[in-house]
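Just upload15.txt here, compact mmCIF, C-alpha atoms:
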# COMPACT_ATOMS: atom_id res chain seq x y z
CA MET C 872 -50.96 -19.10 46.30
CA ILE C 873 -54.58 -18.05 45.81
CA ARG C 874 -56.50 -19.42 42.83
CA LYS C 875 -56.77 -17.13 39.86
CA GLU C 876 -60.59 -17.03 39.86
CA LEU C 877 -60.54 -15.67 43.37
CA VAL C 878 -57.76 -13.23 42.52
CA ALA C 879 -59.82 -11.93 39.60
CA ALA C 880 -63.00 -11.66 41.67
CA SER C 881 -61.28 -9.81 44.49
CA ALA C 882 -59.47 -7.29 42.27
CA GLU C 883 -62.29 -4.77 42.07
CA PRO C 884 -63.20 -4.65 45.79
CA LEU C 885 -59.53 -4.46 46.74
CA VAL C 886 -58.82 -1.61 44.32
CA LEU C 887 -61.90 0.27 45.52
CA ALA C 888 -60.93 -0.17 49.16
CA LEU C 889 -57.37 0.96 48.48
CA LEU C 890 -58.47 4.02 46.55
CA ALA C 891 -60.89 4.86 49.35
CA GLN C 892 -57.77 5.64 51.37
CA GLY C 893 -56.67 8.17 48.81
CA GLU C 894 -55.39 8.68 45.30
CA SER C 895 -52.94 6.09 44.00
CA TYR C 896 -51.39 4.65 40.82
CA GLY C 897 -51.05 1.20 39.29
CA TYR C 898 -47.63 0.21 40.55
CA ALA C 899 -48.33 1.38 44.10
CA ILE C 900 -51.68 -0.42 44.20
CA ILE C 901 -50.02 -3.69 43.16
CA GLN C 902 -47.21 -3.32 45.69
CA ASP C 903 -49.67 -2.45 48.44
CA VAL C 904 -51.83 -5.52 47.79
CA LYS C 905 -48.73 -7.69 47.62
CA THR C 906 -47.46 -6.43 50.96
CA ARG C 907 -50.82 -6.62 52.70
CA SER C 908 -51.35 -10.23 51.59
CA ALA C 909 -47.77 -11.19 52.45
CA GLY C 910 -47.14 -11.96 48.79
CA LYS C 911 -50.01 -14.45 48.51
CA LEU C 912 -52.23 -12.25 46.35
CA ASN C 913 -50.00 -12.03 43.34
CA TRP C 914 -51.46 -10.27 40.34
CA THR C 915 -49.91 -10.42 36.93
CA ASP C 916 -49.16 -6.72 37.09
CA GLY C 917 -50.31 -5.78 33.62
CA MET C 918 -53.73 -7.24 34.30
CA LEU C 919 -54.54 -4.54 36.82
CA TYR C 920 -54.64 -1.84 34.17
CA PRO C 921 -57.51 -3.28 32.12
CA VAL C 922 -59.38 -3.67 35.41
CA LEU C 923 -58.71 -0.02 36.27
CA HIS C 924 -59.81 1.11 32.82
CA ARG C 925 -62.98 -0.92 33.03
CA MET C 926 -63.79 0.58 36.41
CA GLU C 927 -63.13 4.05 35.08
CA HIS C 928 -65.36 3.29 32.12
CA ARG C 929 -68.14 2.33 34.52
CA GLY C 930 -67.71 5.57 36.43
CA LEU C 931 -66.46 4.01 39.66
CA ILE C 932 -63.10 5.76 39.61
CA LYS C 933 -61.49 8.64 37.76
CA SER C 934 -57.96 9.24 36.59
CA ARG C 935 -55.53 12.05 35.90
CA TRP C 936 -51.99 12.21 34.57
CA GLY C 937 -49.46 13.49 37.06
CA GLU C 938 -45.80 13.22 37.76
CA SER C 939 -43.74 11.10 40.11
CA GLU C 940 -41.13 12.56 42.43
CA THR C 941 -38.53 11.95 39.74
CA GLY C 942 -40.59 13.69 37.06
CA ARG C 943 -41.85 10.55 35.37
CA LYS C 944 -45.37 10.55 34.00
CA ARG C 945 -47.82 8.65 36.11
CA LYS C 946 -51.55 8.01 35.94
CA TYR C 947 -53.27 8.53 39.26
CA TYR C 948 -56.64 7.05 40.10
CA SER C 949 -59.16 8.14 42.70
CA LEU C 950 -62.56 7.02 43.90
CA LYS C 951 -65.80 8.52 42.62
CA LYS C 952 -69.11 8.55 44.44
CA ASP C 953 -70.43 5.50 42.57
CA GLY C 954 -67.21 3.75 43.47
CA LYS C 955 -67.87 4.32 47.15
CA THR C 956 -71.34 2.80 46.80
CA ALA C 957 -69.91 -0.15 44.87
CA MET C 958 -67.29 -0.65 47.55
CA ASP C 959 -69.89 -0.78 50.32
CA LYS C 960 -71.87 -3.31 48.32
CA HIS C 961 -68.80 -5.49 47.73
CA HIS C 962 -67.97 -5.32 51.40
CA GLU C 963 -71.44 -6.44 52.38
CA GLN C 964 -71.37 -9.39 49.97
CA TRP C 965 -67.90 -10.54 50.96
CA LEU C 966 -68.87 -10.36 54.61
CA LEU C 967 -71.96 -12.42 53.87
CA VAL C 968 -69.93 -15.12 52.09
CA HIS C 969 -67.41 -15.05 54.88
CA GLY C 970 -70.12 -15.29 57.51
CA VAL C 971 -71.74 -18.32 55.89
CA LEU C 972 -68.39 -20.02 55.43
CA ALA C 973 -67.30 -19.35 59.00
CA GLY C 974 -70.64 -20.53 60.37
CA LEU C 975 -70.45 -23.81 58.46
CA ARG C 976 -66.92 -24.40 59.61
CA LYS C 977 -67.84 -23.80 63.20
CA GLU C 978 -70.67 -26.34 62.97
CA GLN C 979 -68.21 -28.95 61.75
CA TYR C 980 -66.34 -28.83 65.02
CA VAL C 981 -69.30 -28.69 67.35
CA MET P 856 -24.14 -4.50 25.36
CA PHE P 857 -27.59 -4.25 26.91
CA ASN P 858 -29.32 -0.91 26.49
CA LEU P 859 -32.33 -0.34 28.74
CA GLU P 860 -33.88 2.39 26.60
CA THR P 861 -33.72 0.24 23.46
CA ALA P 862 -35.12 -2.74 25.35
CA VAL P 863 -38.07 -0.70 26.65
CA ALA P 864 -38.72 0.72 23.18
CA GLU P 865 -38.67 -2.79 21.70
CA TRP P 866 -41.02 -4.03 24.40
CA ARG P 867 -43.38 -1.20 23.55
CA GLN P 868 -43.25 -2.23 19.90
CA GLU P 869 -44.24 -5.74 20.96
CA LEU P 870 -47.32 -4.44 22.76
CA LEU P 871 -48.16 -2.38 19.70
CA ALA P 872 -47.76 -5.44 17.48
CA ALA P 873 -50.00 -7.45 19.82
CA GLY P 874 -52.70 -4.86 19.16
CA ILE P 875 -52.54 -2.42 22.08
CA LYS P 876 -52.70 0.64 19.88
CA ALA P 877 -54.31 3.26 22.11
CA PRO P 878 -51.68 5.63 23.51
CA GLU P 879 -53.05 5.79 27.07
CA PRO P 880 -52.61 2.12 27.98
CA LEU P 881 -49.21 2.03 26.27
CA GLU P 882 -48.04 5.07 28.21
CA GLU P 883 -49.38 3.65 31.43
CA LEU P 884 -47.87 0.21 30.94
CA GLU P 885 -44.50 1.74 30.10
CA SER P 886 -44.66 3.91 33.18
CA HIS P 887 -45.42 0.77 35.18
CA LEU P 888 -42.59 -1.20 33.61
CA ARG P 889 -40.12 1.56 34.42
CA GLU P 890 -41.23 1.64 38.06
CA GLU P 891 -40.86 -2.12 38.22
CA ILE P 892 -37.37 -1.93 36.69
CA GLU P 893 -36.37 0.79 39.12
CA GLY P 894 -37.58 -1.37 42.00
CA GLN P 895 -35.54 -4.33 40.77
CA LEU P 896 -32.47 -2.16 40.21
CA ALA P 897 -32.79 -0.81 43.74
CA SER P 898 -32.76 -4.35 45.07
CA GLY P 899 -29.40 -4.86 43.41
CA LEU P 900 -30.15 -6.56 40.10
CA GLU P 901 -28.24 -5.85 36.88
CA ALA P 902 -30.09 -3.79 34.28
CA GLU P 903 -30.74 -6.71 31.94
CA ALA P 904 -31.98 -9.06 34.63
CA ALA P 905 -34.13 -6.27 36.11
CA PHE P 906 -35.68 -5.61 32.73
CA LYS P 907 -36.43 -9.29 32.07
CA LEU P 908 -37.98 -9.78 35.47
CA ALA P 909 -40.07 -6.63 35.11
CA VAL P 910 -41.35 -7.76 31.71
CA ARG P 911 -42.29 -11.16 33.08
CA GLN P 912 -44.03 -9.62 36.05
CA THR P 913 -45.98 -7.24 33.81
CA GLY P 914 -47.31 -10.10 31.74
CA PRO P 915 -47.40 -11.33 28.14
CA ALA P 916 -48.43 -8.83 25.48
CA THR P 917 -51.17 -10.95 23.92
CA ALA P 918 -52.89 -11.60 27.24
CA LEU P 919 -52.76 -7.89 28.06
CA GLU P 920 -54.28 -7.04 24.71
CA THR P 921 -57.21 -9.42 25.29
CA GLU P 922 -57.93 -7.83 28.65
CA PHE P 923 -57.66 -4.29 27.31
CA THR P 924 -60.01 -5.09 24.44
CA LYS P 925 -62.54 -6.30 26.98
CA ALA P 926 -62.14 -3.10 28.98
CA GLY P 927 -62.75 -0.87 25.96
CA GLU P 928 -62.01 2.79 25.47
CA THR P 929 -64.11 5.62 26.77
CA LEU P 930 -65.91 7.88 24.33
CA ALA P 931 -64.01 10.92 25.60
CA GLU P 932 -60.71 9.22 24.92
CA LYS P 933 -61.81 8.28 21.40
CA LEU P 934 -62.91 11.85 20.66
CA LYS P 935 -59.66 13.25 22.02
CA GLN P 936 -57.68 10.95 19.77
CA LEU P 937 -59.83 11.77 16.76
CA PHE P 938 -59.28 15.50 17.27
CA HIS P 939 -55.54 15.09 17.57
CA ARG P 940 -55.40 12.88 14.51
CA PHE P 941 -57.13 15.64 12.54
CA THR P 942 -54.54 18.14 13.68
CA GLY P 943 -51.85 15.84 12.33
CA VAL P 944 -50.77 14.37 15.66
CA PRO P 945 -51.26 10.60 15.38
CA ASN P 946 -50.31 9.99 18.98
CA TYR P 947 -50.80 12.92 21.31
CA GLN P 948 -49.41 11.06 24.28
CA LEU P 949 -46.16 10.73 22.41
CA ALA P 950 -46.34 14.35 21.34
CA THR P 951 -46.76 15.72 24.84
CA ALA P 952 -45.30 13.01 27.06
CA MET P 953 -43.13 14.21 29.91
CA ASN P 954 -40.97 11.13 30.32
CA MET P 955 -40.09 10.56 26.71
CA THR P 956 -36.57 9.68 25.85
CA ALA P 957 -35.03 11.65 23.01
CA GLN P 958 -35.23 8.74 20.59
CA ASN P 959 -39.01 8.69 20.76
CA HIS P 960 -39.30 12.22 19.38
CA GLU P 961 -39.81 12.70 15.71
CA PRO P 962 -36.58 14.10 14.28
CA GLY P 963 -36.69 17.88 13.87
CA TRP P 964 -36.15 17.91 10.13
CA ALA P 965 -39.12 15.55 9.66
CA SER P 966 -41.41 17.93 11.54
CA TYR P 967 -40.21 20.88 9.47
CA LEU P 968 -40.58 19.01 6.20
CA LYS P 969 -44.05 17.73 7.03
CA THR P 970 -45.22 21.16 8.16
CA LEU P 971 -43.97 22.73 4.94
CA THR P 972 -45.73 20.09 2.84
CA LEU P 973 -48.90 20.67 4.80
CA ILE P 974 -48.97 24.47 4.69
CA LEU P 975 -47.64 25.11 1.17
CA PRO P 976 -50.87 24.09 -0.62
CA ALA P 977 -52.86 26.34 1.70
CA LEU P 978 -50.47 29.25 1.11
CA PHE P 979 -50.63 28.77 -2.68
CA LEU P 980 -54.41 28.63 -2.60
CA TRP P 981 -54.52 31.79 -0.53
CA VAL P 982 -52.12 33.71 -2.77
CA GLY P 983 -53.92 32.40 -5.85
CA ALA P 984 -57.27 33.48 -4.47
CA CYS P 985 -55.93 36.96 -3.58
CA VAL P 986 -54.39 37.51 -7.02
CA LEU P 987 -56.90 35.85 -9.32
CA VAL P 988 -60.26 35.45 -7.63
CA VAL P 989 -60.67 38.38 -5.25
CA PRO P 990 -60.32 41.19 -7.84
CA LYS P 991 -63.02 39.52 -9.93
CA LEU P 992 -65.12 39.11 -6.81
CA LYS P 993 -64.73 42.81 -6.04
CA GLU P 994 -65.94 43.66 -9.55
CA LEU P 995 -68.88 41.31 -9.18
CA CYS P 996 -69.81 42.77 -5.84
CA ALA P 997 -69.49 46.34 -7.08
CA ALA P 998 -71.70 45.53 -10.08
CA SER P 999 -74.35 43.91 -7.93
CA ASN P 1000 -74.13 46.40 -5.01
CA LEU P 1001 -73.15 43.69 -2.58
CA ALA P 1002 -70.74 44.46 0.25
CA LEU P 1003 -67.79 42.09 0.60
CA PRO P 1004 -68.36 39.88 3.65
CA TRP P 1005 -66.09 40.49 6.63
CA PRO P 1006 -64.09 37.23 6.45
CA VAL P 1007 -62.92 38.18 2.95
CA VAL P 1008 -62.19 41.78 3.99
CA THR P 1009 -60.22 40.59 7.00
CA ALA P 1010 -58.32 38.11 4.89
CA LEU P 1011 -57.47 40.85 2.39
CA ILE P 1012 -56.17 43.13 5.14
CA VAL P 1013 -54.08 40.26 6.52
CA SER P 1014 -52.77 39.54 3.03
CA GLU P 1015 -51.79 43.18 2.60
CA CYS P 1016 -49.94 43.16 5.94
CA PHE P 1017 -48.33 39.88 4.97
CA LYS P 1018 -47.07 41.39 1.71
CA GLU P 1019 -45.92 44.57 3.44
CA TYR P 1020 -44.01 42.85 6.23
CA PHE P 1021 -43.10 39.61 4.49
CA ILE P 1022 -39.35 39.92 4.97
CA LEU P 1023 -39.59 41.23 8.52
CA GLY P 1024 -42.14 38.54 9.45
CA SER P 1025 -40.03 35.76 7.99
CA LEU P 1026 -36.98 37.00 9.84
CA VAL P 1027 -38.86 37.19 13.14
CA THR P 1028 -40.31 33.67 12.66
CA LEU P 1029 -36.90 32.27 11.77
CA ALA P 1030 -35.32 34.03 14.74
CA VAL P 1031 -37.95 32.66 17.13
CA LEU P 1032 -37.58 29.14 15.74
CA GLY P 1033 -33.82 29.41 15.85
CA LEU P 1034 -33.92 30.58 19.45
CA LEU P 1035 -36.26 27.74 20.41
CA GLU P 1036 -34.08 25.15 18.70
CA TRP P 1037 -31.01 26.57 20.30
CA ARG P 1038 -32.03 27.27 23.86
CA SER P 1039 -35.32 25.63 24.73
CA ARG P 1040 -35.34 22.25 26.41
CA TRP P 1041 -39.07 21.67 26.05
CA TRP P 1042 -39.26 22.71 22.41
CA PRO P 1043 -38.33 19.29 20.87
CA ARG P 1044 -41.12 17.78 22.92
CA TYR P 1045 -43.78 20.18 21.66
CA ARG P 1046 -42.39 21.07 18.24
CA ARG P 1047 -44.53 18.60 16.40
CA LEU P 1048 -47.66 19.50 18.32
CA VAL P 1049 -47.18 23.23 17.72
CA PHE P 1050 -46.50 22.71 14.03
CA GLY P 1051 -49.47 20.40 13.73
CA ILE P 1052 -51.84 22.91 15.27
CA VAL P 1053 -50.47 25.80 13.15
CA ALA P 1054 -50.77 23.78 9.94
CA TYR P 1055 -54.26 22.62 10.87
CA GLY P 1056 -55.39 26.15 11.74
CA LEU P 1057 -54.00 27.64 8.54
CA ASN P 1058 -55.57 24.99 6.32
CA PHE P 1059 -58.84 25.35 8.15
CA VAL P 1060 -58.94 29.14 7.73
CA VAL P 1061 -58.01 29.00 4.05
CA LEU P 1062 -60.68 26.41 3.33
CA ILE P 1063 -63.34 28.46 5.13
CA LEU P 1064 -62.20 31.53 3.22
CA LEU P 1065 -62.46 29.81 -0.14
CA ALA P 1066 -65.90 28.51 0.77
CA VAL P 1067 -67.01 32.07 1.66
CA VAL P 1068 -65.59 33.37 -1.64
CA CYS P 1069 -67.57 30.77 -3.58
CA VAL P 1070 -70.81 31.54 -1.75
CA VAL P 1071 -70.38 35.29 -2.26
CA ALA P 1072 -69.59 34.80 -5.94
CA VAL P 1073 -72.76 32.80 -6.42
CA ALA P 1074 -74.83 35.33 -4.46
CA ALA P 1075 -73.39 38.28 -6.40
CA GLY P 1076 -73.84 36.43 -9.69
CA ALA P 1077 -77.49 35.83 -8.86
CA HIS P 1078 -77.96 39.61 -8.41
CA LEU P 1079 -76.57 40.23 -11.87
CA LEU P 1080 -79.03 37.93 -13.58
CA PRO P 1081 -81.76 39.82 -15.47
CA HIS P 1082 -84.96 39.88 -13.46
CA HIS P 1083 -88.07 38.60 -15.13

What would the structure in this file look like if it were written as structure tokens?
Amino acid sequence: MIRKELVAASAEPLVLALLAQGESYGYAIIQDVKTRSAGKLNWTDGMLYPVLHRMEHRGLIKSRWGESETGRKRKYYSLKKDGKTAMDKHHEQWLLVHGVLAGLRKEQYV
Amino acid sequence: MFNLETAVAEWRQELLAAGIKAPEPLEELESHLREEIEGQLASGLEAEAAFKLAVRQTGPATALETEFTKAGETLAEKLKQLFHRFTGVPNYQLATAMNMTAQNHEPGWASYLKTLTLILPALFLWVGACVLVVPKLKELCAASNLALPWPVVTALIVSECFKEYFILGSLVTLAVLGLLEWRSRWWPRYRRLVFGIVAYGLNFVVLILLAVVCVVAVAAGAHLLPHH
């Protein structure tokens, strides 16, 4: 299981990257992340929504109410232009951290 | 016997009690909970177990509230809520929601009673103004050579029509309401919203009208004063 600080820090870049693939809604985002991480990135589901609202507040994403296939109300989120920029920035920073970490690890075994 | 609808409603009350009062997050969290429950049901769990698991997975109410408070509401959302509150709809998500269960609607008689209470004062004021104030105003205006302003003239014409066709109008309104109650499936969902907007509009118009009457009366009175 991944530590909760890391889970919290990775929520925004993950949501941005997922929404970059197209419109989605809370439940689907959570399921998608769960599947992609083989169940290791386990959010307390309800916590995603404040994150989404905060991101919407900051103008990174936008939302609209729609309906599910069964006619249930559902709030869909999609990426805005600022969100795309933010995503690229996140990506760059995570790659940097990853690069440093990987480099250090490699040196250990030389 | 476990009832899923009651359980969900109670869970919603818990969130409300924890302080998540804005309708949007509540709606969204409920929508999420229902998806979660459906997922659990599909994997073969009993309704009660599915509900409990879904609630646990969604997280404790107090923790959610803390996070939502941090996230804050957008200005647009606040304005939207303010507007709806003025029109007598305390929770517009509830008033217009698509996936509401019947028990979440305000009972029909309550909507009718509230609407009556809200529009009767406005109607009385209007009738009172037409009978008592407007004839005097006409005299005043005639004496001071002031034309009646168009809002008052329009209101008078409407009043005349209202008097003329009162019985017919009432019958038509009752028939339409009766038909909606009888046949329409979406009517219970929007009844309160429609009534709210009608009551708000009527009160608004009557207040504006009375304000115009006062201003005209003062203006006409000023004309009548002896000039020095």

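Comparing the minimum interatomic distances between chain P and each of C:His969, C:His962, C:Lys933, C:Lys952, counting all atoms listed in the file, we find that C:Lys933 sits nearest.
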
**Request:** Give as an MDAnalysis selection string each residue that has an atom at most 12 Å from (-51.3, 1.3, 49.3) in the file, counting all atoms listed in the file.
**Result:** chainID C and resid 885:908

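Closest approach to chain P from the set C:Lys875, C:Arg929, C:Lys911, C:His961 is made by C:Arg929, with distances taken over all atoms listed in the file.
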
Output as a tab-separated table one row per residue of chain C within 6 Å of chain P: the closest atom pair and its distance in Å to one decimal place, counting only C-alpha atoms, sorted by chain and residue number ascending.
residue	atom	partner	partner_atom	distance
C:Tyr898	CA	P:His887	CA	5.8
C:Thr915	CA	P:Gly914	CA	5.8
C:Asp916	CA	P:Thr913	CA	4.6
C:Gly917	CA	P:Thr913	CA	4.6
C:Pro921	CA	P:Phe923	CA	4.9
C:Arg925	CA	P:Ala926	CA	4.7
C:His928	CA	P:Thr929	CA	6.0
C:Arg943	CA	P:Asn954	CA	5.2
C:Lys944	CA	P:Asn954	CA	5.8

**Message:** Please list as a PyMOL selection string every residue within 12 Å of segment 982-987 of chain P, counting all atoms listed in the file and excluding residues in the same chain fewer than 4 positions away.
**Reply:** chain P and resi 975-978+991-994+1007-1015+1017-1018+1061-1062+1064-1069

Same residues, C-alpha atoms, output as a CSV table (one decimal), keeping the file's coordinate frame:
chain,number,residue,atom,x,y,z
P,975,LEU,CA,-47.6,25.1,1.2
P,976,PRO,CA,-50.9,24.1,-0.6
P,977,ALA,CA,-52.9,26.3,1.7
P,978,LEU,CA,-50.5,29.2,1.1
P,991,LYS,CA,-63.0,39.5,-9.9
P,992,LEU,CA,-65.1,39.1,-6.8
P,993,LYS,CA,-64.7,42.8,-6.0
P,994,GLU,CA,-65.9,43.7,-9.6
P,1007,VAL,CA,-62.9,38.2,3.0
P,1008,VAL,CA,-62.2,41.8,4.0
P,1009,THR,CA,-60.2,40.6,7.0
P,1010,ALA,CA,-58.3,38.1,4.9
P,1011,LEU,CA,-57.5,40.8,2.4
P,1012,ILE,CA,-56.2,43.1,5.1
P,1013,VAL,CA,-54.1,40.3,6.5
P,1014,SER,CA,-52.8,39.5,3.0
P,1015,GLU,CA,-51.8,43.2,2.6
P,1017,PHE,CA,-48.3,39.9,5.0
P,1018,LYS,CA,-47.1,41.4,1.7
P,1061,VAL,CA,-58.0,29.0,4.0
P,1062,LEU,CA,-60.7,26.4,3.3
P,1064,LEU,CA,-62.2,31.5,3.2
P,1065,LEU,CA,-62.5,29.8,-0.1
P,1066,ALA,CA,-65.9,28.5,0.8
P,1067,VAL,CA,-67.0,32.1,1.7
P,1068,VAL,CA,-65.6,33.4,-1.6
P,1069,CYS,CA,-67.6,30.8,-3.6

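Atom CA of Leu923 of chain C sits 14.9 Å away from atom CA of Lys955 of chain C.
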
**Request:** Name all residues at most 8 Å from Thr942 of chain P (count all atoms listed in the file; drop same-chain ones fewer than 4 positions away) and give them as a PyMOL selection string.
**Result:** chain P and resi 938+1051-1052+1054-1055

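For the pair atom CA of Gly910 of chain C and atom CA of Leu877 of chain C, the interatomic distance is 14.9 Å.
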
Who sits within 10 Å of Leu896 of chain P, only C-alpha atoms, same chain under 6 positions skipped, as a short mmCIF file (atom, residue, chain, number, x, y, z; two decimals) with C-alpha atoms, keeping the file's coordinate frame:
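Full text of out.cif as output:
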data_model
loop_
_atom_site.label_atom_id
_atom_site.label_comp_id
_atom_site.auth_asym_id
_atom_site.auth_seq_id
_atom_site.Cartn_x
_atom_site.Cartn_y
_atom_site.Cartn_z
CA GLU P 890 -41.23 1.64 38.06
CA ALA P 902 -30.09 -3.79 34.28
CA GLU P 903 -30.74 -6.71 31.94
CA ALA P 904 -31.98 -9.06 34.63
CA ALA P 905 -34.13 -6.27 36.11
CA PHE P 906 -35.68 -5.61 32.73
#

Completed segment 886-901 of chain C (N, CA, C and O atoms) as a PDB file, keeping the file's coordinate frame:
ATOM      1  N   VAL C 886     -59.209  -2.894  44.903  1.00  0.00           N
ATOM      2  CA  VAL C 886     -58.820  -1.610  44.320  1.00  0.00           C
ATOM      3  C   VAL C 886     -59.689  -0.495  44.897  1.00  0.00           C
ATOM      4  O   VAL C 886     -59.192   0.574  45.280  1.00  0.00           O
ATOM      5  N   LEU C 887     -60.990  -0.749  44.981  1.00  0.00           N
ATOM      6  CA  LEU C 887     -61.900   0.270  45.520  1.00  0.00           C
ATOM      7  C   LEU C 887     -61.524   0.611  46.957  1.00  0.00           C
ATOM      8  O   LEU C 887     -61.450   1.786  47.328  1.00  0.00           O
ATOM      9  N   ALA C 888     -61.259  -0.417  47.756  1.00  0.00           N
ATOM     10  CA  ALA C 888     -60.930  -0.170  49.160  1.00  0.00           C
ATOM     11  C   ALA C 888     -59.616   0.582  49.303  1.00  0.00           C
ATOM     12  O   ALA C 888     -59.481   1.459  50.156  1.00  0.00           O
ATOM     13  N   LEU C 889     -58.658   0.254  48.426  1.00  0.00           N
ATOM     14  CA  LEU C 889     -57.370   0.960  48.480  1.00  0.00           C
ATOM     15  C   LEU C 889     -57.528   2.417  48.083  1.00  0.00           C
ATOM     16  O   LEU C 889     -56.966   3.319  48.718  1.00  0.00           O
ATOM     17  N   LEU C 890     -58.298   2.640  47.025  1.00  0.00           N
ATOM     18  CA  LEU C 890     -58.470   4.020  46.550  1.00  0.00           C
ATOM     19  C   LEU C 890     -59.295   4.839  47.533  1.00  0.00           C
ATOM     20  O   LEU C 890     -59.202   6.069  47.554  1.00  0.00           O
ATOM     21  N   ALA C 891     -60.104   4.142  48.348  1.00  0.00           N
ATOM     22  CA  ALA C 891     -60.890   4.860  49.350  1.00  0.00           C
ATOM     23  C   ALA C 891     -59.965   5.536  50.360  1.00  0.00           C
ATOM     24  O   ALA C 891     -60.332   6.509  51.005  1.00  0.00           O
ATOM     25  N   GLN C 892     -58.743   5.025  50.455  1.00  0.00           N
ATOM     26  CA  GLN C 892     -57.770   5.640  51.370  1.00  0.00           C
ATOM     27  C   GLN C 892     -57.065   6.822  50.752  1.00  0.00           C
ATOM     28  O   GLN C 892     -56.293   7.503  51.417  1.00  0.00           O
ATOM     29  N   GLY C 893     -57.304   7.033  49.483  1.00  0.00           N
ATOM     30  CA  GLY C 893     -56.670   8.170  48.810  1.00  0.00           C
ATOM     31  C   GLY C 893     -56.181   7.799  47.428  1.00  0.00           C
ATOM     32  O   GLY C 893     -56.111   6.625  47.067  1.00  0.00           O
ATOM     33  N   GLU C 894     -55.845   8.849  46.669  1.00  0.00           N
ATOM     34  CA  GLU C 894     -55.390   8.680  45.300  1.00  0.00           C
ATOM     35  C   GLU C 894     -54.170   7.752  45.227  1.00  0.00           C
ATOM     36  O   GLU C 894     -53.319   7.790  46.116  1.00  0.00           O
ATOM     37  N   SER C 895     -54.106   6.955  44.163  1.00  0.00           N
ATOM     38  CA  SER C 895     -52.940   6.090  44.000  1.00  0.00           C
ATOM     39  C   SER C 895     -52.746   5.736  42.522  1.00  0.00           C
ATOM     40  O   SER C 895     -53.558   6.110  41.689  1.00  0.00           O
ATOM     41  N   TYR C 896     -51.666   5.022  42.215  1.00  0.00           N
ATOM     42  CA  TYR C 896     -51.390   4.650  40.820  1.00  0.00           C
ATOM     43  C   TYR C 896     -51.073   3.163  40.748  1.00  0.00           C
ATOM     44  O   TYR C 896     -50.806   2.525  41.768  1.00  0.00           O
ATOM     45  N   GLY C 897     -51.130   2.636  39.511  1.00  0.00           N
ATOM     46  CA  GLY C 897     -51.050   1.200  39.290  1.00  0.00           C
ATOM     47  C   GLY C 897     -49.984   0.476  40.079  1.00  0.00           C
ATOM     48  O   GLY C 897     -50.275  -0.450  40.841  1.00  0.00           O
ATOM     49  N   TYR C 898     -48.752   0.912  39.923  1.00  0.00           N
ATOM     50  CA  TYR C 898     -47.630   0.210  40.550  1.00  0.00           C
ATOM     51  C   TYR C 898     -47.784   0.170  42.073  1.00  0.00           C
ATOM     52  O   TYR C 898     -47.580  -0.872  42.702  1.00  0.00           O
ATOM     53  N   ALA C 899     -48.192   1.311  42.650  1.00  0.00           N
ATOM     54  CA  ALA C 899     -48.330   1.380  44.100  1.00  0.00           C
ATOM     55  C   ALA C 899     -49.458   0.475  44.584  1.00  0.00           C
ATOM     56  O   ALA C 899     -49.336  -0.184  45.625  1.00  0.00           O
ATOM     57  N   ILE C 900     -50.553   0.428  43.822  1.00  0.00           N
ATOM     58  CA  ILE C 900     -51.680  -0.420  44.200  1.00  0.00           C
ATOM     59  C   ILE C 900     -51.230  -1.884  44.255  1.00  0.00           C
ATOM     60  O   ILE C 900     -51.499  -2.607  45.217  1.00  0.00           O
ATOM     61  N   ILE C 901     -50.496  -2.307  43.219  1.00  0.00           N
ATOM     62  CA  ILE C 901     -50.020  -3.690  43.160  1.00  0.00           C
ATOM     63  C   ILE C 901     -49.099  -4.002  44.334  1.00  0.00           C
ATOM     64  O   ILE C 901     -49.247  -5.024  45.018  1.00  0.00           O
TER      65      ILE C 901
END
